[in-house]
Structures are given as C-alpha cells and as structure tokens.
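Data block below; observations after.
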Amino acid sequence: MSNKISRRQFVQGATVLGIGVVLAACTPKATPTPEAKPQTGAGAQTQPQAPTTAPAAAPAGQKVQLRHMIWDQVQQPAVADQAKMFMEQNPDIAIEIQVVPWSQYWDKLWTALAGGGAPDTFWLNMSNFAALSYKGTLLNIQDYLDKDPNLQKEWDMNFDSLKAAYKFEGKAMSWPRDYDTIAIAVNLKLLEEAGLAFPDETDSFKVWDWAMCRSYAEKLTKVEGGRTIQFGLAATNTAQEGWFNWVYSNGGSVLNADKTKCTLNEPPAIEALKDYIAYRRDGLSPGEEAIASQEVNDMFYTGRVAMSIVGDWNLKDFNERITDFEYDLVPIPYAPTGKSMCMIHGLGDTIDKNTKNPDAAFKWVSFLGSKDGSTILGKTGTVIPSRRDTAELWFDPSFKPKHRRIYLEWTDKSVFWPNTAVPATSEWTKPINDELALAFEQGKDIQQAMDDAAKKVDEILAGKGA
Amino acid sequence: MATTTAVKRVSVGARYRSMGRMARRENLWGWILSSPWWLGFLIFTLLPMLASIYFSLTKWDILTPPQWVGLQNYKYMFSKSGDPIVLHSFKITTIYALVSVPLRLVLGFSIALLMNQNIRGIFIFRTIYYLPAVLAGVAVAMLWRWVFNSEFGLINLLIWTLFKVKGPAWLVDPDWALWALIIMSMWDVGSPMLIYLAGLQGIPTDLYEAAMVDGANAWRRFWAVTIPMISPVLFFNLVMGIIDALQTFTQAFILTEGGPNNATMFAILYMYLNAFRWFKMGFASAIAWILFIYILILTLIVFRSSALWVHYEGEVKGR
C-alpha cells in the first residue's frame, strides 16, 4: 500500500518541484531597490561634484584602491603598462584592472551602477553613454577641467567628433580613449586578374564613387556553373561596417537632429540603401547564408570576397593572416552628393559618480588621456589613440597596408551613431535591424521597410508603451 | 519518529509534557537544519517573485526609481497598438513545445526501451546516450551552429550525400530556424531517457511472466504491461518536458538571438532582452508573470487529463 502511494507522490511531488523551478526561472532576480539612491534625473548630474569636499584624501600611508573595468583581454597588457607608469608617479594609488567579457559587461555595469559595487573607473562606449549620463550615474569631469586650464587643454587634444560624443548637455562626462573609422579593403591580386587599376588617389580618391565601386564589384564577381565563387564586395547587413556609411555620405541620417524621429525613410537615406542593398540583390555580395557559413574576414583572406568594408581594428589580423596576396585600402565611395563619410566610434574612460575616491579616479583617468598614457596605447598598434598628437603612432609608415592613413584622414569626415538618453539605444535599433533584414534577405521593398521601421522607432522614441 | 512518540505518549502518560518539549526542540532543530533551503527559497525565490508583481506594475530602468503605471505593461502586451512581439513570442514558444515535446517523449522512451535490453556492454551505450544531458548548454549550442552551417555543416552534407539536394540555410532562414532548434532539442533526451529506464526497470517481471503464461506476445505485453506501468513516468516526463520547452532560452540566445526576423523569439528570450538589454524591468516582469500563468494553465490541463491515461498500481477504477 505504502509503495503505491509513494510512487504517485513521487511523480506529483517531482512535478510540483518542477513548477517551483519555473517560478524561480520566470522571476527576475532580486536587484536591490534603488531607494538608497537620491532622485536622479536630467538635472541631477549638473550639480557640481565639489571635488575638494569629497573624501578622497586618504590618510597618510594608506593606499587608495581603484578598480578599473575593461572588456578586451587583448588590450589588458597595454592597460597594465599604463597602470604601472601611473602607480610609479602616484605611489599612494593602486590600480586593479578587472577584465569582464563583452557578453556580460553591460549587464554587470548597469546592475552595479544601480545596486552599488560598480568599478571606480571603466570603459564606456558611445551607445551606452547618453543613457548613463542622463540617469546621473557618471561623474561630471567638466568641473575638474574648469578648474585647471591645462587639463582642459589636454582634453581638447582629442578629435572633435570624439569630444562631441562624450559631452552631455555641454559637459565632458568621459575622457576619450581610442577610436576607429571605416574603409574598404581591396585584394590587389584579384584586382589585377580582373584587369582593373587601383583607384586614383589624387584629391582624396575623388574618382572612387558609387558608380566606380559598383563597376569594380561587377568585374570582380565570378560565377561558375551557377555558383558564385568570387564576390565583388561584401555588403553585409551591418551599420558600422556597412550601410550607415552609404547613408551619411549621401546626406541621409538615422535620426533627426533632436532625436525624435527616424529619418531612414527619407529620400537621401532610401537612395543610399537602395544602392547598397543592390550589391546583395544582384549577387555581387555574399548573402546572409554564405556569411553565416564563413565569416566575411575569412572570405576576404581566402579570396572569396574581393572587397570588404572594414574597421581599422581588423588590420592586425589582416596583416597576420594574409600571406599569399597583397591588399590595400580605399575609402567609402563618394555618393552623388560628392561626399564620402564613415562611421566613427570610440571608447571613453569614465568614472562612477558614487566612487569613494573621485579625485584619485580623475587623476587616473586624466593620466590615461594624457600624452604619456596615450602613447603607451598607441605603440601597441591595436587601437588608434583618441588624441591628435598620439593617433599618428598607429599610422607608422612601416605598418601595412599602403593607404592605412585613410583611417586618419577620414576622422574629420566621420559621424557617430546617434545615441539617445531614453530609451536605450539598442531598443529603438531593433525595428531598424528587423526591417533591414527583411529588405536584405526577403526582398521587401526598401521604402516600405523603412517606413515600417520608422513608425516603430518614432513610437519608442516618443516613450510610448512599456 | 512520529509514531514512536505517539506510542509513548499513549503508554507513558506521565512523561507526556517532557516528551512534548523534546518534540518541540526536535521541531526547532528541524527548522534550523533545513534553514539553508527555506531561507534560500524565501530570499531568492519568494521575495523576488512578490517584488516582481510590484515591478510589473511599474516602469523601472534599474537606475532611477520605479514609476507606478498600473496595468499599463499588461495592456501594452495585448493591445493592438502595443508590442506585437510579445504575443508572437508566445506563439513561437507554443509551436516549439507542441512539436518538440511529443517527439522528445517518444524518442526518449524508444531509446530507453533499447537501453533496457540485456546485452553485454549496455552501460557504455547508456553512458553515450546520457552524455548530452551533462554537457554545458552554451558549448553544445556552439557545436550545433557548425552542424547547421549551410555550406559546411553535417546536416546539409548528409542531405547532399543522400538526395543530391541543397539543404536549407537552417539558422538564417526564417522558415527553417525554428525547425533547426526543434531538431536540436531531439538530441538531448538523456534525462528523460534515464527516468524512463528507471521506470522500466521498476516493472515487476512477474507481470510479464503472467502475461506470457496467458499467451500474450511481445507486442501485447508492451501495450498491456509496459505502457500502463510506465504511464506515471510518461506523465512526469510530459509535464517536465512542457515546462522545459516553454522556458527555452539558451539555444535561441546563442544561435540566433531571436532572429531571423523574430522567427526564434522565445518568450523567455524576449523577456531577457527587455530586462537586460533595454533595462525595462517592469515590462519584463509583466511578461514573466504572463508566462508563469500560461505554464500553470497548461500544466493544470495536463494534470486534469492524467486521470484518463495515467495508471497507478493498485488504483481501482470504475467500481
């Protein structure tokens, strides 16, 4: 008797347990309620931080500990070198570098900024900058800069678009660190095989326009037995190394100036998207299917793709992996408007507003942005330093390829992705990505797709819904 | 323990009070010793659950205090001008569950029947078939990305070798991506298989012997003995399978991120995106609660239906 019941109880008990697991899994994990935080809002971070009153001055003989969070393991040694030099100059401050992988970085940073335990200083990217500034979580470094004209001069050494990107309501909230721009890599061997000359570089490659790029891509595409064995240009469905550059060259934009409306459905943007997506529709570019099978960079290394739109961070890999042919760079092709523009992005070193040691943290961040700190970064060759006087280090003429300087020359012809304070940038980006995927892959009419996307984006920007 | 106390309580009346104190002390120790579990449950499960009811009625981005919005989050899920992806994600999740749960049930059971054979080295096969259940979800998903690779993947290679047809672009084709994930779910039936196997081994052999004496062939023995005897285990695996399927996350998160064109946007994944990508905790909490209610209803339906087909030993029916 007892045996029968226990079996039934086992099954039911186990099921109840299962439901318990569901309960646990369905429920967002406890995050400390933010009642401890003062009411923060648009104006909160404009209050002066009053650096002198902050409890920064540690008692003599006691070291100030700072935790610095980054996500790139590859750049860890360079940051460690910077920290070493800094600690030699400032024996009373100890820097601990914490590497958190990209996949967890933002979850971790946001929750730590909300619940406490955030790093004192950390890398920030442009798409998270506006939202975090707006919510008053970043230390306003403008107050420090205002007190010391020399520091302000140091900060001003950064490229203009980077300075603009890291200002919020006219105040510097982060110290630019590095940046990247976009160009097009060309396989010179395949170019020669197709009987094409490298585009004339006079007057900043003025001849290299949409029509020329298109005709090159056509001549560089090879079809054998119904199968494309070589693609002219990899026109991927990405913004940074893709369509964004076409749109802005043609005078289009993603959002209007006050970031209330999506403008991708307006004529300049549509014209640019049509030209770009045509590479895909006409079979001159690998499709999503081929890209999913083999990464675009690998396709370029193996000669399956003759031209590829690439950011400068790829060059280290390119130089190591490409051994059996020569390659070079051309800029983003000129649009009928006569302009060639590319996307710029860069990171900033940023301070948590609630750090216990704002003075020490600022000292560290301003060191990272100083000529000394920036020089260490530039010598590694991984990323381009954000300063006009140290960026040159990355453009050492002994580095390949020949026209590497395009990345530098286009810095002043670059635009950054429009970030918004509320809502998070990645949220309103989703409808655009969804609709572009339909246009790229399913042949949806581009005007229709962008009209549909713009409608949803506008709603999200207007703060409608959840 | 309870019975001995009771016996003593009756037989030695004078000692009743002191025994009661001991029982109470024992009770207290019971609570103390089990505290890691119930404290954990209270702090990490029950309280967050209750808190999420509150958060689901607010707009909250973690960094600024929650704003009360009443039922707006729930309305937004279902209204026409709201967020259509929520209901879409429930639809995707349901299709996935409807197809994958029965297939997994049959497949797991079939493998368990094979693993129940008395042959030499069977434990090696059992280990092999159970192995997928102990592998980490993310690593497995990465592996499957290669299996589904449209040009170099194993599946399309097999399709090409057998039929000389080009296979679909699995994970990047909106028409095929969900099916790819369903195929993937067939691979990992180790856990249900093990439970079936335990159930199969628990069937008394005298039932089979009695059936054989009555002249039942193998087929008849399977339907008249094995199936009824295993039905409680089938039931358990069905309920767990439904709950598992409705909570699918890792595969879609790693392989497709909900794409292409939201074709694999599972409910939990969409909840995750809202909570940890867009920091819309209020809306995400509301999705969590709707999903919870949905799973609860489905589970209750299955429980109700169990009276019709689940056989418990010694249970007397229809009399």
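Every chain in the structure tokens takes a letter, A first, then B, and so on in the order presented; its residues are numbered from 1, and the ligands are numbered from 1 following the presented order.
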Name the residues of region 22-263 of chain B that come out as helix (DSSP H, G or I) in a backbone DSSP run; write them as a PyMOL selection string.
chain B and resi 22-33+35-55+72-78+84-115+122-134+137-147+154-163+170-172+177-187+190-201+205-213+218-246+250-255
Contacts of chain B with chain A up to 6 Å, shortest pair per row, only C-alpha atoms, as CSV:
residue,atom,partner,partner_atom,distance
B:Thr45,CA,A:Ala24,CA,5.5
B:Pro48,CA,A:Ala30,CA,5.1
B:Met49,CA,A:Thr27,CA,5.6
B:Ile62,CA,A:Ala114,CA,5.9
B:Leu63,CA,A:Ala114,CA,5.0
B:Pro65,CA,A:Pro34,CA,5.9
B:Asn73,CA,A:Ala466,CA,5.4
B:Asn149,CA,A:Ser293,CA,5.4
B:Glu151,CA,A:Ser293,CA,5.9
B:Ala169,CA,A:Glu289,CA,5.9
B:Phe236,CA,A:Val11,CA,5.8
B:Asn261,CA,A:Asp434,CA,5.7
B:Trp278,CA,A:Ala424,CA,5.6
B:Phe283,CA,A:Ala466,CA,5.8
B:Ala288,CA,A:Cys26,CA,5.3
B:Glu313,CA,A:Lys4,CA,6.0
So that I can see what lies close to region 243-246 of chain A, please list as a PDB file with N, CA and C atoms, in the first residue's frame the residues with an atom at most 12 Å from it, counting only C-alpha atoms and leaving out residues fewer than 5 positions away in the same chain.
ATOM      1  N   THR A 181      37.620  54.107 -37.400  1.00  0.00           N
ATOM      2  CA  THR A 181      36.865  54.574 -38.561  1.00  0.00           C
ATOM      3  C   THR A 181      36.808  53.430 -39.573  1.00  0.00           C
ATOM      4  N   ILE A 182      36.173  53.682 -40.717  1.00  0.00           N
ATOM      5  CA  ILE A 182      35.869  52.605 -41.653  1.00  0.00           C
ATOM      6  C   ILE A 182      36.462  52.892 -43.037  1.00  0.00           C
ATOM      7  N   ALA A 183      36.967  51.860 -43.694  1.00  0.00           N
ATOM      8  CA  ALA A 183      37.437  51.977 -45.079  1.00  0.00           C
ATOM      9  C   ALA A 183      37.110  50.659 -45.796  1.00  0.00           C
ATOM     10  N   ILE A 184      37.567  50.522 -47.033  1.00  0.00           N
ATOM     11  CA  ILE A 184      37.298  49.289 -47.769  1.00  0.00           C
ATOM     12  C   ILE A 184      38.618  48.622 -48.135  1.00  0.00           C
ATOM     13  N   ASP A 209      33.732  56.669 -56.716  1.00  0.00           N
ATOM     14  CA  ASP A 209      32.347  56.978 -56.334  1.00  0.00           C
ATOM     15  C   ASP A 209      31.484  55.709 -56.423  1.00  0.00           C
ATOM     16  N   TRP A 210      30.182  55.895 -56.162  1.00  0.00           N
ATOM     17  CA  TRP A 210      29.275  54.750 -56.160  1.00  0.00           C
ATOM     18  C   TRP A 210      29.351  53.959 -57.468  1.00  0.00           C
ATOM     19  N   CYS A 213      32.634  52.022 -57.764  1.00  0.00           N
ATOM     20  CA  CYS A 213      32.638  50.909 -56.815  1.00  0.00           C
ATOM     21  C   CYS A 213      31.771  49.773 -57.345  1.00  0.00           C
ATOM     22  N   ALA A 234      31.649  42.608 -50.182  1.00  0.00           N
ATOM     23  CA  ALA A 234      30.813  42.057 -49.110  1.00  0.00           C
ATOM     24  C   ALA A 234      29.977  43.194 -48.537  1.00  0.00           C
ATOM     25  N   ALA A 235      28.705  43.262 -48.944  1.00  0.00           N
ATOM     26  CA  ALA A 235      27.796  44.289 -48.426  1.00  0.00           C
ATOM     27  C   ALA A 235      26.962  43.645 -47.326  1.00  0.00           C
ATOM     28  N   THR A 236      27.500  43.671 -46.118  1.00  0.00           N
ATOM     29  CA  THR A 236      26.818  42.970 -45.029  1.00  0.00           C
ATOM     30  C   THR A 236      25.721  43.848 -44.440  1.00  0.00           C
ATOM     31  N   ASN A 237      24.771  43.183 -43.819  1.00  0.00           N
ATOM     32  CA  ASN A 237      23.678  43.902 -43.166  1.00  0.00           C
ATOM     33  C   ASN A 237      24.121  44.350 -41.780  1.00  0.00           C
ATOM     34  N   THR A 238      25.083  45.269 -41.768  1.00  0.00           N
ATOM     35  CA  THR A 238      25.522  45.853 -40.503  1.00  0.00           C
ATOM     36  C   THR A 238      25.599  47.359 -40.717  1.00  0.00           C
ATOM     37  N   GLY A 251      24.103  62.204 -47.472  1.00  0.00           N
ATOM     38  CA  GLY A 251      23.377  63.258 -46.779  1.00  0.00           C
ATOM     39  C   GLY A 251      22.201  62.766 -45.966  1.00  0.00           C
ATOM     40  N   GLY A 252      22.078  61.479 -45.846  1.00  0.00           N
ATOM     41  CA  GLY A 252      20.989  60.916 -45.040  1.00  0.00           C
ATOM     42  C   GLY A 252      21.401  60.806 -43.586  1.00  0.00           C
ATOM     43  N   SER A 253      20.461  60.336 -42.771  1.00  0.00           N
ATOM     44  CA  SER A 253      20.767  60.143 -41.356  1.00  0.00           C
ATOM     45  C   SER A 253      19.847  59.074 -40.788  1.00  0.00           C
ATOM     46  N   VAL A 254      20.155  58.650 -39.583  1.00  0.00           N
ATOM     47  CA  VAL A 254      19.332  57.632 -38.929  1.00  0.00           C
ATOM     48  C   VAL A 254      18.195  58.297 -38.158  1.00  0.00           C
ATOM     49  N   LEU A 255      18.559  59.342 -37.390  1.00  0.00           N
ATOM     50  CA  LEU A 255      17.552  60.090 -36.628  1.00  0.00           C
ATOM     51  C   LEU A 255      17.679  61.573 -36.969  1.00  0.00           C
ATOM     52  N   LEU A 264      15.390  57.361 -41.626  1.00  0.00           N
ATOM     53  CA  LEU A 264      15.877  56.401 -42.623  1.00  0.00           C
ATOM     54  C   LEU A 264      14.901  56.218 -43.782  1.00  0.00           C
ATOM     55  N   PRO A 268      17.237  60.793 -49.132  1.00  0.00           N
ATOM     56  CA  PRO A 268      18.684  60.544 -49.206  1.00  0.00           C
ATOM     57  C   PRO A 268      19.065  59.165 -48.645  1.00  0.00           C
ATOM     58  N   ALA A 269      18.429  58.796 -47.538  1.00  0.00           N
ATOM     59  CA  ALA A 269      18.744  57.507 -46.925  1.00  0.00           C
ATOM     60  C   ALA A 269      18.257  56.357 -47.814  1.00  0.00           C
ATOM     61  N   ILE A 270      17.048  56.499 -48.344  1.00  0.00           N
ATOM     62  CA  ILE A 270      16.489  55.428 -49.181  1.00  0.00           C
ATOM     63  C   ILE A 270      17.362  55.208 -50.416  1.00  0.00           C
ATOM     64  N   GLU A 271      17.782  56.321 -51.031  1.00  0.00           N
ATOM     65  CA  GLU A 271      18.626  56.226 -52.230  1.00  0.00           C
ATOM     66  C   GLU A 271      19.922  55.471 -51.907  1.00  0.00           C
ATOM     67  N   ALA A 272      20.506  55.804 -50.747  1.00  0.00           N
ATOM     68  CA  ALA A 272      21.748  55.151 -50.337  1.00  0.00           C
ATOM     69  C   ALA A 272      21.522  53.669 -50.051  1.00  0.00           C
ATOM     70  N   LEU A 273      20.449  53.364 -49.331  1.00  0.00           N
ATOM     71  CA  LEU A 273      20.165  51.965 -49.000  1.00  0.00           C
ATOM     72  C   LEU A 273      19.914  51.150 -50.265  1.00  0.00           C
ATOM     73  N   LYS A 274      19.240  51.771 -51.237  1.00  0.00           N
ATOM     74  CA  LYS A 274      18.969  51.063 -52.489  1.00  0.00           C
ATOM     75  C   LYS A 274      20.270  50.705 -53.187  1.00  0.00           C
ATOM     76  N   ASP A 275      21.185  51.693 -53.256  1.00  0.00           N
ATOM     77  CA  ASP A 275      22.463  51.432 -53.915  1.00  0.00           C
ATOM     78  C   ASP A 275      23.214  50.325 -53.185  1.00  0.00           C
ATOM     79  N   TYR A 276      23.173  50.365 -51.866  1.00  0.00           N
ATOM     80  CA  TYR A 276      23.936  49.406 -51.068  1.00  0.00           C
ATOM     81  C   TYR A 276      23.334  48.002 -51.161  1.00  0.00           C
ATOM     82  N   ILE A 277      22.014  47.932 -50.976  1.00  0.00           N
ATOM     83  CA  ILE A 277      21.353  46.618 -50.964  1.00  0.00           C
ATOM     84  C   ILE A 277      21.401  45.974 -52.357  1.00  0.00           C
ATOM     85  N   ALA A 278      21.545  46.818 -53.401  1.00  0.00           N
ATOM     86  CA  ALA A 278      21.629  46.270 -54.760  1.00  0.00           C
ATOM     87  C   ALA A 278      22.810  45.301 -54.897  1.00  0.00           C
ATOM     88  N   TYR A 279      23.892  45.552 -54.192  1.00  0.00           N
ATOM     89  CA  TYR A 279      25.030  44.612 -54.246  1.00  0.00           C
ATOM     90  C   TYR A 279      24.573  43.229 -53.844  1.00  0.00           C
ATOM     91  N   ARG A 280      23.719  43.205 -52.829  1.00  0.00           N
ATOM     92  CA  ARG A 280      23.212  41.925 -52.328  1.00  0.00           C
ATOM     93  C   ARG A 280      22.212  41.330 -53.312  1.00  0.00           C
ATOM     94  N   ILE A 309      34.286  45.869 -46.506  1.00  0.00           N
ATOM     95  CA  ILE A 309      34.215  47.109 -45.722  1.00  0.00           C
ATOM     96  C   ILE A 309      34.707  46.799 -44.304  1.00  0.00           C
ATOM     97  N   VAL A 310      35.804  47.434 -43.898  1.00  0.00           N
ATOM     98  CA  VAL A 310      36.402  47.040 -42.620  1.00  0.00           C
ATOM     99  C   VAL A 310      36.795  48.220 -41.745  1.00  0.00           C
ATOM    100  N   GLY A 311      36.644  48.033 -40.457  1.00  0.00           N
ATOM    101  CA  GLY A 311      37.120  48.998 -39.476  1.00  0.00           C
ATOM    102  C   GLY A 311      38.607  48.758 -39.224  1.00  0.00           C
ATOM    103  N   PRO A 331      38.792  54.450 -49.611  1.00  0.00           N
ATOM    104  CA  PRO A 331      37.769  54.965 -48.691  1.00  0.00           C
ATOM    105  C   PRO A 331      36.374  54.476 -49.072  1.00  0.00           C
ATOM    106  N   ILE A 332      35.413  54.825 -48.240  1.00  0.00           N
ATOM    107  CA  ILE A 332      34.000  54.625 -48.580  1.00  0.00           C
ATOM    108  C   ILE A 332      33.735  55.420 -49.863  1.00  0.00           C
ATOM    109  N   PRO A 333      33.071  54.835 -50.868  1.00  0.00           N
ATOM    110  CA  PRO A 333      32.905  55.539 -52.147  1.00  0.00           C
ATOM    111  C   PRO A 333      32.089  56.830 -51.983  1.00  0.00           C
ATOM    112  N   TYR A 334      32.411  57.813 -52.847  1.00  0.00           N
ATOM    113  CA  TYR A 334      31.710  59.094 -52.819  1.00  0.00           C
ATOM    114  C   TYR A 334      30.285  58.922 -53.342  1.00  0.00           C
ATOM    115  N   ALA A 335      29.353  59.524 -52.640  1.00  0.00           N
ATOM    116  CA  ALA A 335      27.950  59.487 -53.061  1.00  0.00           C
ATOM    117  C   ALA A 335      27.736  60.573 -54.116  1.00  0.00           C
ATOM    118  N   PRO A 336      26.579  60.557 -54.821  1.00  0.00           N
ATOM    119  CA  PRO A 336      26.295  61.632 -55.787  1.00  0.00           C
ATOM    120  C   PRO A 336      26.376  63.022 -55.154  1.00  0.00           C
ATOM    121  N   THR A 337      26.274  63.121 -53.855  1.00  0.00           N
ATOM    122  CA  THR A 337      26.393  64.414 -53.178  1.00  0.00           C
ATOM    123  C   THR A 337      27.821  64.926 -53.206  1.00  0.00           C
ATOM    124  N   GLY A 338      28.775  64.073 -53.622  1.00  0.00           N
ATOM    125  CA  GLY A 338      30.179  64.464 -53.619  1.00  0.00           C
ATOM    126  C   GLY A 338      30.849  64.293 -52.268  1.00  0.00           C
ATOM    127  N   LYS A 339      30.186  63.554 -51.382  1.00  0.00           N
ATOM    128  CA  LYS A 339      30.756  63.362 -50.054  1.00  0.00           C
ATOM    129  C   LYS A 339      31.051  61.889 -49.797  1.00  0.00           C
ATOM    130  N   SER A 340      32.091  61.660 -49.020  1.00  0.00           N
ATOM    131  CA  SER A 340      32.376  60.314 -48.542  1.00  0.00           C
ATOM    132  C   SER A 340      32.522  60.420 -47.032  1.00  0.00           C
ATOM    133  N   MET A 341      31.632  59.749 -46.329  1.00  0.00           N
ATOM    134  CA  MET A 341      31.646  59.826 -44.863  1.00  0.00           C
ATOM    135  C   MET A 341      31.707  58.412 -44.293  1.00  0.00           C
ATOM    136  N   CYS A 342      32.250  58.291 -43.101  1.00  0.00           N
ATOM    137  CA  CYS A 342      32.228  56.961 -42.489  1.00  0.00           C
ATOM    138  C   CYS A 342      31.862  57.070 -41.013  1.00  0.00           C
ATOM    139  N   MET A 343      31.569  55.927 -40.439  1.00  0.00           N
ATOM    140  CA  MET A 343      31.189  55.929 -39.032  1.00  0.00           C
ATOM    141  C   MET A 343      32.439  55.977 -38.163  1.00  0.00           C
ATOM    142  N   ILE A 344      32.328  56.701 -37.081  1.00  0.00           N
ATOM    143  CA  ILE A 344      33.413  56.703 -36.097  1.00  0.00           C
ATOM    144  C   ILE A 344      32.843  56.175 -34.786  1.00  0.00           C
ATOM    145  N   TRP A 410      40.050  60.244 -42.692  1.00  0.00           N
ATOM    146  CA  TRP A 410      38.588  60.272 -42.644  1.00  0.00           C
ATOM    147  C   TRP A 410      38.035  60.579 -41.244  1.00  0.00           C
ATOM    148  N   LYS A 413      35.895  63.353 -41.327  1.00  0.00           N
ATOM    149  CA  LYS A 413      34.713  63.187 -42.188  1.00  0.00           C
ATOM    150  C   LYS A 413      33.880  62.036 -41.633  1.00  0.00           C
ATOM    151  N   SER A 414      33.823  61.987 -40.329  1.00  0.00           N
ATOM    152  CA  SER A 414      33.132  60.831 -39.749  1.00  0.00           C
ATOM    153  C   SER A 414      31.978  61.270 -38.848  1.00  0.00           C
ATOM    154  N   VAL A 415      31.039  60.374 -38.679  1.00  0.00           N
ATOM    155  CA  VAL A 415      29.879  60.655 -37.831  1.00  0.00           C
ATOM    156  C   VAL A 415      29.712  59.489 -36.861  1.00  0.00           C
ATOM    157  N   PHE A 416      29.204  59.778 -35.683  1.00  0.00           N
ATOM    158  CA  PHE A 416      28.955  58.671 -34.764  1.00  0.00           C
ATOM    159  C   PHE A 416      27.476  58.310 -34.744  1.00  0.00           C
ATOM    160  N   TRP A 417      27.214  57.093 -34.363  1.00  0.00           N
ATOM    161  CA  TRP A 417      25.860  56.570 -34.287  1.00  0.00           C
ATOM    162  C   TRP A 417      25.062  57.415 -33.299  1.00  0.00           C
ATOM    163  N   PRO A 418      23.852  57.866 -33.692  1.00  0.00           N
ATOM    164  CA  PRO A 418      23.107  58.732 -32.769  1.00  0.00           C
ATOM    165  C   PRO A 418      22.667  57.951 -31.532  1.00  0.00           C
ATOM    166  N   ILE A 432      14.763  48.750 -36.724  1.00  0.00           N
ATOM    167  CA  ILE A 432      15.562  49.031 -37.924  1.00  0.00           C
ATOM    168  C   ILE A 432      16.246  47.750 -38.396  1.00  0.00           C
ATOM    169  N   ASN A 433      16.858  47.047 -37.453  1.00  0.00           N
ATOM    170  CA  ASN A 433      17.540  45.804 -37.818  1.00  0.00           C
ATOM    171  C   ASN A 433      16.569  44.769 -38.376  1.00  0.00           C
ATOM    172  N   LEU A 436      15.481  45.914 -41.870  1.00  0.00           N
ATOM    173  CA  LEU A 436      16.582  45.808 -42.827  1.00  0.00           C
ATOM    174  C   LEU A 436      16.828  44.349 -43.202  1.00  0.00           C
ATOM    175  N   PHE A 440      17.072  43.072 -46.895  1.00  0.00           N
ATOM    176  CA  PHE A 440      18.277  42.397 -47.396  1.00  0.00           C
ATOM    177  C   PHE A 440      17.961  40.977 -47.843  1.00  0.00           C
TER     178      PHE A 440
END
Nearby residues (only C-alpha atoms) at most 9 Å from region 174-186 of chain B, same-chain spacing under 2 positions excluded, as number ranges by chain:
B: 92, 95-97, 99-100, 103-104, 107-108, 141, 144, 148, 168-172, 188-189, 251-252, 255-256, 259-264
What separation in Å, quoted to one decimal, exists between CA of Lys166 (chain B) and CA of Pro286 (chain A)?
16.9 Å
Pairwise distance for CA of Lys379 (chain A) and CA of Trp394 (chain A), rounded to one decimal in Å
6.9 Å
Between CA of Gly137 (chain B) and CA of Val100 (chain A), what distance in Å does the model show, to one decimal?
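Interatomic distance, CA of Gly137 (chain B) to CA of Val100 (chain A): 20.6 Å.
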So which residues touch region 188-196 of chain A within 7 Å, counting only C-alpha atoms, skipping near sequence neighbours fewer than 4 positions away, as a list in words?
Lys219, Leu220, Ala306, Phe325, Glu326, Tyr327 and Asp328 of chain A
Residues from the last selection, C-alpha atoms, saved as an mmCIF file, in the first residue's frame:
data_model
loop_
_atom_site.group_PDB
_atom_site.id
_atom_site.type_symbol
_atom_site.label_atom_id
_atom_site.label_comp_id
_atom_site.auth_asym_id
_atom_site.auth_seq_id
_atom_site.Cartn_x
_atom_site.Cartn_y
_atom_site.Cartn_z
ATOM 1 C CA LYS A 219 34.009 42.885 -62.683
ATOM 2 C CA LEU A 220 35.307 41.211 -59.534
ATOM 3 C CA ALA A 306 37.476 40.826 -53.401
ATOM 4 C CA PHE A 325 48.402 38.258 -51.831
ATOM 5 C CA GLU A 326 48.764 41.984 -51.297
ATOM 6 C CA TYR A 327 45.886 44.146 -50.166
ATOM 7 C CA ASP A 328 45.286 47.853 -49.803
#
